[in-house]
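Shown below: query_13.cif, with mmCIF, N, CA and C atoms.
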```cif
data_work
#
loop_
_atom_site.label_atom_id
_atom_site.label_comp_id
_atom_site.auth_asym_id
_atom_site.auth_seq_id
_atom_site.Cartn_x
_atom_site.Cartn_y
_atom_site.Cartn_z
N MET A 1 -22.38 130.35 -101.56
CA MET A 1 -22.32 131.62 -102.27
C MET A 1 -21.00 132.32 -101.96
N LYS A 2 -20.40 132.90 -102.98
CA LYS A 2 -19.16 133.65 -102.80
C LYS A 2 -19.43 134.96 -102.07
N GLU A 3 -18.49 135.36 -101.21
CA GLU A 3 -18.61 136.64 -100.51
C GLU A 3 -17.68 137.65 -101.15
N VAL A 4 -18.26 138.79 -101.52
CA VAL A 4 -17.53 139.84 -102.21
C VAL A 4 -17.67 141.14 -101.43
N THR A 5 -16.59 141.90 -101.37
CA THR A 5 -16.63 143.23 -100.77
C THR A 5 -16.54 144.25 -101.89
N VAL A 6 -17.42 145.26 -101.84
CA VAL A 6 -17.47 146.27 -102.89
C VAL A 6 -17.49 147.66 -102.24
N TYR A 7 -16.68 148.55 -102.80
CA TYR A 7 -16.72 149.97 -102.44
C TYR A 7 -17.12 150.73 -103.69
N THR A 8 -17.97 151.75 -103.53
CA THR A 8 -18.40 152.54 -104.67
C THR A 8 -18.41 154.03 -104.33
N ASP A 9 -18.31 154.85 -105.37
CA ASP A 9 -18.46 156.30 -105.20
C ASP A 9 -18.84 156.92 -106.53
N GLY A 10 -19.55 158.02 -106.43
CA GLY A 10 -19.91 158.82 -107.59
C GLY A 10 -19.47 160.24 -107.36
N ALA A 11 -19.25 160.97 -108.45
CA ALA A 11 -18.82 162.36 -108.36
C ALA A 11 -19.40 163.14 -109.53
N CYS A 12 -19.55 164.42 -109.32
CA CYS A 12 -20.07 165.27 -110.38
C CYS A 12 -19.33 166.60 -110.37
N SER A 13 -19.04 167.09 -111.57
CA SER A 13 -18.44 168.42 -111.72
C SER A 13 -19.56 169.33 -112.22
N GLY A 14 -20.21 170.01 -111.27
CA GLY A 14 -21.48 170.67 -111.56
C GLY A 14 -22.55 169.64 -111.24
N ASN A 15 -23.73 170.09 -110.87
CA ASN A 15 -24.80 169.14 -110.52
C ASN A 15 -26.13 169.71 -110.99
N PRO A 16 -26.57 169.47 -112.21
CA PRO A 16 -26.00 168.51 -113.17
C PRO A 16 -24.72 169.03 -113.84
N GLY A 17 -24.02 168.07 -114.40
CA GLY A 17 -22.78 168.36 -115.10
C GLY A 17 -22.13 167.06 -115.53
N LYS A 18 -20.82 167.11 -115.75
CA LYS A 18 -20.08 165.89 -116.07
C LYS A 18 -19.96 165.07 -114.79
N GLY A 19 -20.21 163.77 -114.91
CA GLY A 19 -20.17 162.92 -113.72
C GLY A 19 -19.33 161.68 -113.96
N GLY A 20 -18.82 161.15 -112.86
CA GLY A 20 -18.04 159.92 -112.94
C GLY A 20 -18.39 159.00 -111.79
N TRP A 21 -18.07 157.75 -111.96
CA TRP A 21 -18.30 156.74 -110.91
C TRP A 21 -17.09 155.82 -110.85
N GLY A 22 -16.90 155.25 -109.69
CA GLY A 22 -15.82 154.29 -109.51
C GLY A 22 -16.22 153.21 -108.53
N ALA A 23 -15.62 152.05 -108.69
CA ALA A 23 -15.89 150.95 -107.77
C ALA A 23 -14.66 150.06 -107.64
N VAL A 24 -14.50 149.50 -106.46
CA VAL A 24 -13.46 148.52 -106.20
C VAL A 24 -14.16 147.25 -105.71
N LEU A 25 -13.92 146.14 -106.39
CA LEU A 25 -14.49 144.85 -106.02
C LEU A 25 -13.37 143.96 -105.50
N MET A 26 -13.61 143.31 -104.37
CA MET A 26 -12.59 142.45 -103.77
C MET A 26 -13.17 141.08 -103.46
N PHE A 27 -12.42 140.05 -103.89
CA PHE A 27 -12.84 138.67 -103.64
C PHE A 27 -11.61 137.80 -103.52
N ASN A 28 -11.50 137.09 -102.42
CA ASN A 28 -10.49 136.06 -102.27
C ASN A 28 -9.07 136.57 -102.58
N GLY A 29 -8.75 137.76 -102.10
CA GLY A 29 -7.42 138.31 -102.31
C GLY A 29 -7.22 139.03 -103.63
N HIS A 30 -8.24 139.02 -104.49
CA HIS A 30 -8.16 139.70 -105.79
C HIS A 30 -8.92 141.02 -105.70
N LYS A 31 -8.44 142.00 -106.47
CA LYS A 31 -9.08 143.31 -106.47
C LYS A 31 -9.28 143.77 -107.92
N LYS A 32 -10.46 144.28 -108.22
CA LYS A 32 -10.75 144.80 -109.56
C LYS A 32 -11.29 146.21 -109.41
N GLU A 33 -10.77 147.14 -110.20
CA GLU A 33 -11.23 148.52 -110.20
C GLU A 33 -11.95 148.80 -111.51
N ILE A 34 -13.10 149.46 -111.42
CA ILE A 34 -13.85 149.85 -112.61
C ILE A 34 -14.30 151.30 -112.45
N SER A 35 -14.49 151.98 -113.57
CA SER A 35 -14.96 153.36 -113.52
C SER A 35 -15.55 153.76 -114.87
N GLY A 36 -16.25 154.89 -114.86
CA GLY A 36 -16.83 155.41 -116.08
C GLY A 36 -17.34 156.81 -115.84
N ALA A 37 -17.82 157.44 -116.90
CA ALA A 37 -18.29 158.82 -116.79
C ALA A 37 -19.39 159.09 -117.80
N GLU A 38 -20.17 160.12 -117.52
CA GLU A 38 -21.25 160.55 -118.41
C GLU A 38 -21.32 162.07 -118.40
N ASN A 39 -21.80 162.62 -119.51
CA ASN A 39 -22.08 164.05 -119.57
C ASN A 39 -23.48 164.32 -119.03
N ASN A 40 -23.72 165.52 -118.59
CA ASN A 40 -25.05 165.98 -118.21
C ASN A 40 -25.78 165.00 -117.29
N THR A 41 -25.20 164.80 -116.12
CA THR A 41 -25.77 163.87 -115.14
C THR A 41 -25.74 164.52 -113.76
N THR A 42 -26.10 163.75 -112.75
CA THR A 42 -26.09 164.27 -111.38
C THR A 42 -25.25 163.37 -110.47
N ASN A 43 -24.90 163.90 -109.34
CA ASN A 43 -24.13 163.14 -108.36
C ASN A 43 -24.89 161.88 -107.94
N ASN A 44 -26.21 162.02 -107.68
CA ASN A 44 -26.98 160.85 -107.25
C ASN A 44 -27.02 159.76 -108.32
N ARG A 45 -27.13 160.16 -109.59
CA ARG A 45 -27.12 159.16 -110.66
C ARG A 45 -25.78 158.43 -110.69
N MET A 46 -24.71 159.15 -110.47
CA MET A 46 -23.38 158.53 -110.49
C MET A 46 -23.19 157.59 -109.29
N GLU A 47 -23.72 157.97 -108.13
CA GLU A 47 -23.65 157.08 -106.96
C GLU A 47 -24.39 155.77 -107.26
N LEU A 48 -25.57 155.88 -107.85
CA LEU A 48 -26.36 154.69 -108.21
C LEU A 48 -25.66 153.86 -109.28
N LEU A 49 -25.13 154.54 -110.29
CA LEU A 49 -24.49 153.82 -111.39
C LEU A 49 -23.25 153.06 -110.92
N ALA A 50 -22.52 153.61 -109.96
CA ALA A 50 -21.35 152.92 -109.42
C ALA A 50 -21.76 151.58 -108.81
N VAL A 51 -22.85 151.58 -108.05
CA VAL A 51 -23.33 150.35 -107.42
C VAL A 51 -23.82 149.36 -108.48
N ILE A 52 -24.59 149.86 -109.44
CA ILE A 52 -25.12 149.01 -110.52
C ILE A 52 -23.99 148.35 -111.30
N LYS A 53 -23.03 149.16 -111.74
CA LYS A 53 -21.92 148.62 -112.55
C LYS A 53 -21.10 147.59 -111.77
N ALA A 54 -20.91 147.83 -110.48
CA ALA A 54 -20.17 146.87 -109.66
C ALA A 54 -20.94 145.55 -109.56
N LEU A 55 -22.22 145.62 -109.25
CA LEU A 55 -23.01 144.39 -109.12
C LEU A 55 -23.15 143.66 -110.45
N GLU A 56 -23.18 144.40 -111.55
CA GLU A 56 -23.26 143.76 -112.87
C GLU A 56 -22.00 142.98 -113.21
N LYS A 57 -20.88 143.30 -112.58
CA LYS A 57 -19.62 142.58 -112.83
C LYS A 57 -19.62 141.18 -112.23
N LEU A 58 -20.50 140.92 -111.27
CA LEU A 58 -20.53 139.62 -110.60
C LEU A 58 -21.15 138.58 -111.52
N LYS A 59 -20.45 137.49 -111.73
CA LYS A 59 -20.87 136.49 -112.71
C LYS A 59 -21.88 135.48 -112.18
N GLU A 60 -22.08 135.48 -110.86
CA GLU A 60 -23.03 134.55 -110.25
C GLU A 60 -23.58 135.21 -108.99
N PRO A 61 -24.68 134.71 -108.45
CA PRO A 61 -25.21 135.30 -107.22
C PRO A 61 -24.18 135.26 -106.10
N CYS A 62 -24.02 136.40 -105.41
CA CYS A 62 -23.02 136.52 -104.36
C CYS A 62 -23.59 137.17 -103.11
N ILE A 63 -22.90 136.96 -102.02
CA ILE A 63 -23.16 137.71 -100.80
C ILE A 63 -22.23 138.92 -100.88
N VAL A 64 -22.82 140.11 -100.85
CA VAL A 64 -22.05 141.33 -101.08
C VAL A 64 -22.14 142.27 -99.88
N LYS A 65 -20.98 142.69 -99.41
CA LYS A 65 -20.91 143.79 -98.45
C LYS A 65 -20.55 145.00 -99.28
N LEU A 66 -21.48 145.95 -99.39
CA LEU A 66 -21.28 147.10 -100.25
C LEU A 66 -21.13 148.36 -99.41
N TYR A 67 -19.99 149.02 -99.56
CA TYR A 67 -19.68 150.22 -98.80
C TYR A 67 -19.82 151.44 -99.70
N SER A 68 -20.59 152.42 -99.25
CA SER A 68 -20.81 153.64 -100.01
C SER A 68 -20.89 154.83 -99.06
N ASP A 69 -20.44 155.99 -99.55
CA ASP A 69 -20.60 157.20 -98.75
C ASP A 69 -21.90 157.93 -99.11
N SER A 70 -22.72 157.32 -99.93
CA SER A 70 -23.97 157.93 -100.38
C SER A 70 -25.13 157.56 -99.46
N ALA A 71 -25.58 158.53 -98.67
CA ALA A 71 -26.76 158.31 -97.82
C ALA A 71 -27.97 158.01 -98.70
N TYR A 72 -28.02 158.62 -99.87
CA TYR A 72 -29.12 158.43 -100.83
C TYR A 72 -29.28 156.94 -101.16
N VAL A 73 -28.18 156.28 -101.47
CA VAL A 73 -28.22 154.85 -101.84
C VAL A 73 -28.42 153.97 -100.60
N VAL A 74 -27.60 154.17 -99.60
CA VAL A 74 -27.62 153.31 -98.42
C VAL A 74 -28.96 153.40 -97.68
N ASN A 75 -29.44 154.61 -97.47
CA ASN A 75 -30.70 154.79 -96.73
C ASN A 75 -31.90 154.24 -97.49
N ALA A 76 -31.86 154.28 -98.81
CA ALA A 76 -32.98 153.75 -99.59
C ALA A 76 -33.23 152.28 -99.24
N PHE A 77 -32.16 151.54 -99.00
CA PHE A 77 -32.29 150.13 -98.65
C PHE A 77 -32.42 149.93 -97.15
N ASN A 78 -31.60 150.61 -96.38
CA ASN A 78 -31.56 150.37 -94.94
C ASN A 78 -32.70 151.02 -94.17
N GLN A 79 -33.34 152.03 -94.73
CA GLN A 79 -34.44 152.71 -94.04
C GLN A 79 -35.80 152.43 -94.67
N GLY A 80 -35.84 151.46 -95.57
CA GLY A 80 -37.13 151.00 -96.11
C GLY A 80 -37.75 151.87 -97.19
N TRP A 81 -36.97 152.81 -97.76
CA TRP A 81 -37.54 153.64 -98.82
C TRP A 81 -37.96 152.80 -100.02
N ILE A 82 -37.14 151.80 -100.35
CA ILE A 82 -37.42 150.95 -101.52
C ILE A 82 -38.80 150.31 -101.40
N GLU A 83 -39.09 149.72 -100.24
CA GLU A 83 -40.38 149.06 -100.04
C GLU A 83 -41.52 150.06 -100.17
N SER A 84 -41.35 151.23 -99.59
CA SER A 84 -42.40 152.27 -99.68
C SER A 84 -42.62 152.69 -101.12
N TRP A 85 -41.52 152.91 -101.84
CA TRP A 85 -41.65 153.30 -103.26
C TRP A 85 -42.37 152.22 -104.05
N GLN A 86 -42.03 150.97 -103.81
CA GLN A 86 -42.66 149.89 -104.56
C GLN A 86 -44.16 149.82 -104.24
N LYS A 87 -44.51 149.97 -102.98
CA LYS A 87 -45.93 149.96 -102.58
C LYS A 87 -46.70 151.12 -103.21
N ASN A 88 -46.00 152.25 -103.40
CA ASN A 88 -46.65 153.46 -103.92
C ASN A 88 -46.36 153.69 -105.40
N ASN A 89 -46.11 152.60 -106.13
CA ASN A 89 -45.89 152.68 -107.57
C ASN A 89 -44.75 153.65 -107.92
N PHE A 90 -43.69 153.59 -107.12
CA PHE A 90 -42.49 154.40 -107.31
C PHE A 90 -42.79 155.90 -107.26
N ARG A 91 -43.65 156.25 -106.33
CA ARG A 91 -43.93 157.66 -106.07
C ARG A 91 -43.46 157.98 -104.67
N GLY A 92 -42.92 159.17 -104.53
CA GLY A 92 -42.44 159.61 -103.23
C GLY A 92 -43.58 160.15 -102.39
N SER A 93 -43.25 160.68 -101.22
CA SER A 93 -44.27 161.23 -100.33
C SER A 93 -44.98 162.42 -100.96
N ASP A 94 -44.35 163.05 -101.95
CA ASP A 94 -44.97 164.18 -102.66
C ASP A 94 -45.88 163.72 -103.81
N LYS A 95 -46.04 162.40 -103.94
CA LYS A 95 -46.89 161.76 -104.97
C LYS A 95 -46.30 161.86 -106.38
N LYS A 96 -45.08 162.39 -106.50
CA LYS A 96 -44.42 162.47 -107.80
C LYS A 96 -43.55 161.23 -107.97
N GLU A 97 -43.34 160.85 -109.25
CA GLU A 97 -42.46 159.72 -109.53
C GLU A 97 -41.08 160.03 -108.96
N ILE A 98 -40.47 159.02 -108.33
CA ILE A 98 -39.15 159.23 -107.74
C ILE A 98 -38.13 159.55 -108.83
N LYS A 99 -37.11 160.29 -108.46
CA LYS A 99 -36.04 160.61 -109.40
C LYS A 99 -35.18 159.37 -109.62
N ASN A 100 -34.62 159.28 -110.80
CA ASN A 100 -33.70 158.20 -111.17
C ASN A 100 -34.36 156.82 -111.16
N LEU A 101 -35.64 156.80 -111.50
CA LEU A 101 -36.41 155.55 -111.46
C LEU A 101 -35.75 154.44 -112.29
N ASP A 102 -35.23 154.79 -113.47
CA ASP A 102 -34.59 153.78 -114.32
C ASP A 102 -33.44 153.08 -113.60
N LEU A 103 -32.63 153.85 -112.88
CA LEU A 103 -31.50 153.26 -112.17
C LEU A 103 -31.95 152.51 -110.93
N TRP A 104 -32.93 153.04 -110.21
CA TRP A 104 -33.45 152.33 -109.03
C TRP A 104 -34.00 150.96 -109.43
N GLN A 105 -34.72 150.90 -110.56
CA GLN A 105 -35.29 149.61 -110.98
C GLN A 105 -34.18 148.61 -111.33
N LYS A 106 -33.12 149.08 -112.01
CA LYS A 106 -31.98 148.21 -112.31
C LYS A 106 -31.35 147.70 -111.02
N LEU A 107 -31.17 148.61 -110.06
CA LEU A 107 -30.52 148.24 -108.81
C LEU A 107 -31.38 147.27 -108.00
N ILE A 108 -32.67 147.49 -107.97
CA ILE A 108 -33.58 146.57 -107.26
C ILE A 108 -33.48 145.17 -107.88
N ASN A 109 -33.46 145.11 -109.21
CA ASN A 109 -33.32 143.81 -109.88
C ASN A 109 -32.02 143.11 -109.48
N LEU A 110 -30.94 143.87 -109.39
CA LEU A 110 -29.64 143.29 -109.01
C LEU A 110 -29.64 142.83 -107.56
N THR A 111 -30.34 143.56 -106.69
CA THR A 111 -30.39 143.14 -105.28
C THR A 111 -31.31 141.95 -105.08
N ASN A 112 -32.09 141.62 -106.10
CA ASN A 112 -32.88 140.39 -106.05
C ASN A 112 -32.03 139.17 -106.45
N ILE A 113 -30.91 139.42 -107.13
CA ILE A 113 -29.99 138.35 -107.54
C ILE A 113 -28.96 138.10 -106.43
N HIS A 114 -28.43 139.18 -105.90
CA HIS A 114 -27.36 139.11 -104.89
C HIS A 114 -27.91 139.46 -103.52
N LYS A 115 -27.28 138.92 -102.49
CA LYS A 115 -27.65 139.26 -101.11
C LYS A 115 -26.72 140.40 -100.69
N VAL A 116 -27.24 141.63 -100.78
CA VAL A 116 -26.42 142.81 -100.57
C VAL A 116 -26.71 143.45 -99.21
N THR A 117 -25.64 143.70 -98.47
CA THR A 117 -25.72 144.48 -97.24
C THR A 117 -25.09 145.83 -97.54
N PHE A 118 -25.87 146.90 -97.36
CA PHE A 118 -25.38 148.26 -97.63
C PHE A 118 -24.81 148.85 -96.35
N ILE A 119 -23.59 149.36 -96.42
CA ILE A 119 -22.91 149.92 -95.26
C ILE A 119 -22.45 151.33 -95.60
N LYS A 120 -22.86 152.28 -94.77
CA LYS A 120 -22.50 153.70 -94.99
C LYS A 120 -21.12 153.97 -94.43
N VAL A 121 -20.27 154.61 -95.24
CA VAL A 121 -18.96 155.05 -94.78
C VAL A 121 -18.88 156.57 -94.92
N LYS A 122 -18.03 157.18 -94.13
CA LYS A 122 -17.84 158.62 -94.20
C LYS A 122 -17.01 158.94 -95.44
N GLY A 123 -17.52 159.86 -96.25
CA GLY A 123 -16.82 160.25 -97.47
C GLY A 123 -15.66 161.19 -97.18
N HIS A 124 -14.68 161.16 -98.05
CA HIS A 124 -13.53 162.07 -97.98
C HIS A 124 -12.88 162.03 -96.59
N ALA A 125 -12.80 160.83 -96.03
CA ALA A 125 -12.19 160.65 -94.71
C ALA A 125 -10.96 159.75 -94.89
N ASP A 126 -10.78 158.83 -93.97
CA ASP A 126 -9.56 158.02 -94.00
C ASP A 126 -9.79 156.60 -94.49
N ASN A 127 -10.89 156.38 -95.24
CA ASN A 127 -11.15 155.04 -95.76
C ASN A 127 -10.42 154.86 -97.09
N GLU A 128 -9.43 154.01 -97.10
CA GLU A 128 -8.57 153.81 -98.28
C GLU A 128 -9.38 153.50 -99.54
N TYR A 129 -10.34 152.59 -99.44
CA TYR A 129 -11.06 152.16 -100.64
C TYR A 129 -12.10 153.18 -101.08
N ASN A 130 -12.73 153.86 -100.13
CA ASN A 130 -13.65 154.92 -100.52
C ASN A 130 -12.88 156.04 -101.21
N ASN A 131 -11.71 156.37 -100.71
CA ASN A 131 -10.89 157.40 -101.34
C ASN A 131 -10.44 156.97 -102.73
N ARG A 132 -10.14 155.68 -102.89
CA ARG A 132 -9.74 155.17 -104.20
C ARG A 132 -10.91 155.27 -105.19
N CYS A 133 -12.11 154.95 -104.73
CA CYS A 133 -13.29 155.06 -105.60
C CYS A 133 -13.52 156.51 -106.01
N ASP A 134 -13.34 157.42 -105.07
CA ASP A 134 -13.49 158.84 -105.38
C ASP A 134 -12.49 159.26 -106.45
N LYS A 135 -11.26 158.78 -106.33
CA LYS A 135 -10.22 159.10 -107.31
C LYS A 135 -10.57 158.50 -108.68
N LEU A 136 -11.07 157.28 -108.70
CA LEU A 136 -11.50 156.66 -109.96
C LEU A 136 -12.60 157.48 -110.62
N ALA A 137 -13.56 157.92 -109.82
CA ALA A 137 -14.70 158.69 -110.34
C ALA A 137 -14.26 160.05 -110.87
N THR A 138 -13.45 160.76 -110.10
CA THR A 138 -13.03 162.10 -110.53
C THR A 138 -12.09 162.03 -111.72
N THR A 139 -11.26 160.99 -111.79
CA THR A 139 -10.38 160.81 -112.95
C THR A 139 -11.19 160.51 -114.20
N ALA A 140 -12.23 159.70 -114.06
CA ALA A 140 -13.10 159.36 -115.20
C ALA A 140 -13.72 160.63 -115.80
N ILE A 141 -14.09 161.58 -114.94
CA ILE A 141 -14.68 162.83 -115.43
C ILE A 141 -13.69 163.56 -116.34
N THR A 142 -12.43 163.61 -115.94
CA THR A 142 -11.43 164.35 -116.72
C THR A 142 -11.15 163.67 -118.05
N GLU A 143 -11.51 162.40 -118.18
CA GLU A 143 -11.24 161.66 -119.42
C GLU A 143 -12.41 161.72 -120.40
N LEU A 144 -13.47 162.43 -120.04
CA LEU A 144 -14.63 162.57 -120.95
C LEU A 144 -14.27 163.40 -122.15
#
```

As a first step, turn the structure in this file into structure tokens.
Amino acid sequence: MKEVTVYTDGACSGNPGKGGWGAVLMFNGHKKEISGAENNTTNNRMELLAVIKALEKLKEPCIVKLYSDSAYVVNAFNQGWIESWQKNNFRGSDKKEIKNLDLWQKLINLTNIHKVTFIKVKGHADNEYNNRCDKLATTAITEL
């Protein structure tokens, strides 16, 4: 299996408001940048969409090291929220359907194809690729 490194970030101007996402995919010395934006969305949706769009770019099952500054995304996988949600029919501890269910289901399907390790990075710090993803996301918002 090919090993790919991915950095992602989402941003929102207003929450809800205009949102953007960005991702940098790296494999074997090659780098690909992708981004996009939506109206009337939230920061969490953009964080999820960045991961989804990056994983959708992979043409075959891969081993992925995915770096994100989103505790929402990283903790869902690393702290077992996903398993709990699935056991509880995608309901949170408040018994209400979890937010962003459509995107979580897409992401779960993608993590069943790829072997993804989620790694939390500090946002707006000195991480070159996280900062680049932030720039891609915020630039995408201005192009809406």

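Surrounding residues of (-11.9, 159.5, -112.6) at most 8 Å away are A:Gly20, A:Trp21, A:Gly22, A:Ser35, A:Gly36, A:Ala37, A:Asp134, A:Lys135, A:Leu136, A:Ala137, A:Thr138, A:Thr139, A:Ala140, A:Ile141, A:Thr142, A:Glu143 (based on only C-alpha atoms).
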
### Query
Where does DSSP see alpha helix (DSSP H) in chain A, if you list the residues as JSON, numbers by chain?
{"A": [43, 44, 45, 46, 47, 48, 49, 50, 51, 52, 53, 54, 55, 56, 71, 72, 73, 74, 75, 76, 77, 78, 81, 82, 83, 84, 85, 86, 87, 101, 102, 103, 104, 105, 106, 107, 108, 109, 110, 111, 112, 113, 128, 129, 130, 131, 132, 133, 134, 135, 136, 137, 138, 139, 140, 141, 142]}

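Against the coordinates shown, the PyMOL selection byres (((chain A and resi 40 and name CA) around 10) and name CA) returns Cys12, Ser13, Gly14, Asn15, Pro16, Gly17, Lys18, Gly19, Ala37, Glu38, Asn39, Thr41 and Thr42 of chain A.
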
### Query
Which residues fall under the PyMOL selection byres (((chain A and resi 63 and name CA) around 6) and name CA) in this file, as an NGL selection string?
:A and (3 or 62 or 64 or 115)

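Here the question is which of A:Ile113, A:Ala11, A:Val6, A:Val51 gets nearest to Lys65 of chain A using all atoms listed in the file, and that residue is A:Val6.
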
### Task
For atom CA of Glu56 of chain A and atom C of Lys106 of chain A, quote the distance in Å rounded to one decimal.
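Interatomic distance here is 9.2 Å.
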
### Query
Selected by the PyMOL selection byres ((chain A and resi 117-124) around 6.5) in the shown coordinates: which residues, as a list in words?
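Taken over the shown coordinates, the PyMOL selection byres ((chain A and resi 117-124) around 6.5) returns Ile63, Val64, Lys65, Leu66, Tyr67, Ser68, Asp69, Ser70, Val74, Lys115, Val116, Ala125, Asp126, Asn127, Asn130 and Asn131 of chain A.
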
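From atom N of Leu49 of chain A back to atom CA of Gly10 of chain A, the distance works out to 7.3 Å.
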
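In this model, the gap between atom CA of His114 of chain A and atom N of Pro61 of chain A comes to 6.3 Å.
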
### Query
Looking at only N, CA and C atoms, which of A:Asn89, A:Asp94, A:Glu47, A:Leu55 is the one that sits closest to Tyr72 of chain A?
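Among A:Asn89, A:Asp94, A:Glu47, A:Leu55, it is A:Glu47 that comes nearest to Tyr72 of chain A.
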
### Task
Using DSSP on the backbone coordinates, identify the residues of segment 36-137 of chain A assigned to strand (DSSP E); present them as a PyMOL selection string.
chain A and resi 36-41+62-68+115-120

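Residues with any atom within 8 Å of Leu107 of chain A, counting only C-alpha atoms and excluding same-chain neighbours fewer than 2 positions away, are Leu48, Val51, Ile52, Leu103, Trp104, Gln105, Asn109, Leu110 and Thr111 of chain A.
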
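Of the residues under consideration (A:Val4, A:Ile108, A:Leu58, A:Ile98), A:Val4 shows the shortest atom-to-atom contact distance to Met26 of chain A when counting only C-alpha atoms.
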